[in-house]
Amino acid sequence: MKSDNEAWFLTQWKRLGGPEPETEYRFHDKRKWRFDFCWPDRMTALEVEGLGHAHWNRYHGDVEKYNAATLLGWRVLRLTFHMIRQDDLTLLDSLMGVLSDGKSL
């Protein structure tokens with residue numbers, strides 16, 4: 001089951017006409033790390049960060065995951081709790097550009 005924040009993203013993404021993402025995509029062959037949403041053909045992922053990601057131990061685990069993804073060639077974007085609460089679609093617009101031409105952001 002998706003979180004409220006992930007549901008917000010999917011609703012807004014569909015409204016914007018964004019390409020269908022894969023969900024819970026396992027990107028690392030040794031660790032059990034998964035992306036919330038991704039477009040593997042574009043090596044682009046979106047992580048939806050709830051309030052729990054602000055805790056010290058969770059934050060450091062996220063940094064380890066995102067660094068590993070970057071070293072594997074992934075572009076990882078992060079949608080924060082604050083962006084969602086503000087109904088800020090700026091990142092989603094940028095993501096749309098990245099997925100369409102691979103250069104925007």
# chains A, B, ... in the order shown; residues from 1 in each chain; ligands from 1
call {"tool": "residues_around", "arguments": {"residues": "Trp74 (chain A)", "least_positions_apart": "6", "cutoff": "8 Å", "atoms": "only C-alpha atoms", "output": "list in words"}}
result
Met43, Thr44 and Ala45 of chain A
call {"tool": "residues_around", "arguments": {"residues": "region 81-95 of chain A", "least_positions_apart": "2", "cutoff": "12 Å", "atoms": "only C-alpha atoms", "output": "PyMOL selection string"}}
result
chain A and resi 3-19+21+37-39+42+44-54+75-79+97-105
call {"tool": "residues_around", "arguments": {"residues": "Ala68 (chain A)", "least_positions_apart": "6", "cutoff": "10 Å", "atoms": "only C-alpha atoms", "output": "list of chain:residue names"}}
result
A:Phe27, A:His28, A:Arg31, A:Trp33, A:Asp62, A:Trp74
call {"tool": "select_by_dssp", "arguments": {"residues": "chain A", "states": "helix (DSSP H, G or I)", "output": "ChimeraX atom specification"}}
result
/A:4-16,40-42,51-54,56-71,81-85,90-101
call {"tool": "write_last_selection", "arguments": {"atoms": "C-alpha atoms", "output": "CSV table (one decimal), in the first residue's frame"}}
result
chain,number,residue,atom,x,y,z
A,4,ASP,CA,-0.4,9.3,1.4
A,5,ASN,CA,2.7,11.2,0.1
A,6,GLU,CA,3.2,8.6,-2.7
A,7,ALA,CA,-0.5,8.7,-3.5
A,8,TRP,CA,-0.2,12.5,-3.8
A,9,PHE,CA,2.6,12.1,-6.3
A,10,LEU,CA,0.7,9.5,-8.4
A,11,THR,CA,-2.4,11.7,-8.5
A,12,GLN,CA,-0.4,14.8,-9.5
A,13,TRP,CA,1.8,12.9,-12.0
A,14,LYS,CA,-1.2,11.4,-13.8
A,15,ARG,CA,-2.9,14.8,-13.9
A,16,LEU,CA,0.3,16.2,-15.6
A,40,PRO,CA,14.6,2.4,-15.8
A,41,ASP,CA,15.0,3.2,-19.5
A,42,ARG,CA,16.0,6.8,-18.4
A,51,LEU,CA,8.8,13.0,7.8
A,52,GLY,CA,10.5,9.8,8.9
A,53,HIS,CA,13.4,10.5,6.6
A,54,ALA,CA,14.4,13.5,8.7
A,56,TRP,CA,19.2,10.8,12.0
A,57,ASN,CA,19.5,7.1,11.4
A,58,ARG,CA,17.1,7.0,8.5
A,59,TYR,CA,18.8,10.0,6.9
A,60,HIS,CA,22.2,8.3,6.9
A,61,GLY,CA,20.7,5.2,5.4
A,62,ASP,CA,19.1,7.2,2.7
A,63,VAL,CA,22.4,8.9,1.9
A,64,GLU,CA,24.1,5.5,1.6
A,65,LYS,CA,21.3,4.3,-0.8
A,66,TYR,CA,21.4,7.5,-3.0
A,67,ASN,CA,25.2,7.5,-3.2
A,68,ALA,CA,25.2,3.9,-4.3
A,69,ALA,CA,22.5,4.6,-6.9
A,70,THR,CA,24.5,7.6,-8.2
A,71,LEU,CA,27.6,5.4,-8.5
A,81,PHE,CA,7.2,16.2,2.7
A,82,HIS,CA,7.4,20.0,2.6
A,83,MET,CA,7.0,20.1,-1.2
A,84,ILE,CA,3.9,17.9,-1.0
A,85,ARG,CA,2.3,19.9,1.8
A,90,THR,CA,8.2,22.4,-9.5
A,91,LEU,CA,10.1,19.2,-9.1
A,92,LEU,CA,7.4,17.3,-11.1
A,93,ASP,CA,7.7,19.7,-13.9
A,94,SER,CA,11.5,19.3,-13.9
A,95,LEU,CA,11.1,15.5,-13.8
A,96,MET,CA,8.8,15.7,-16.8
A,97,GLY,CA,11.6,17.5,-18.7
A,98,VAL,CA,14.2,15.1,-17.6
A,99,LEU,CA,12.1,12.1,-18.8
A,100,SER,CA,11.3,13.8,-22.1
A,101,ASP,CA,14.7,15.2,-23.1
call {"tool": "select_by_dssp", "arguments": {"residues": "chain A", "states": "strand (DSSP E or B)", "output": "PyMOL selection string"}}
result
chain A and resi 22-26+34-39+44-49+75-80
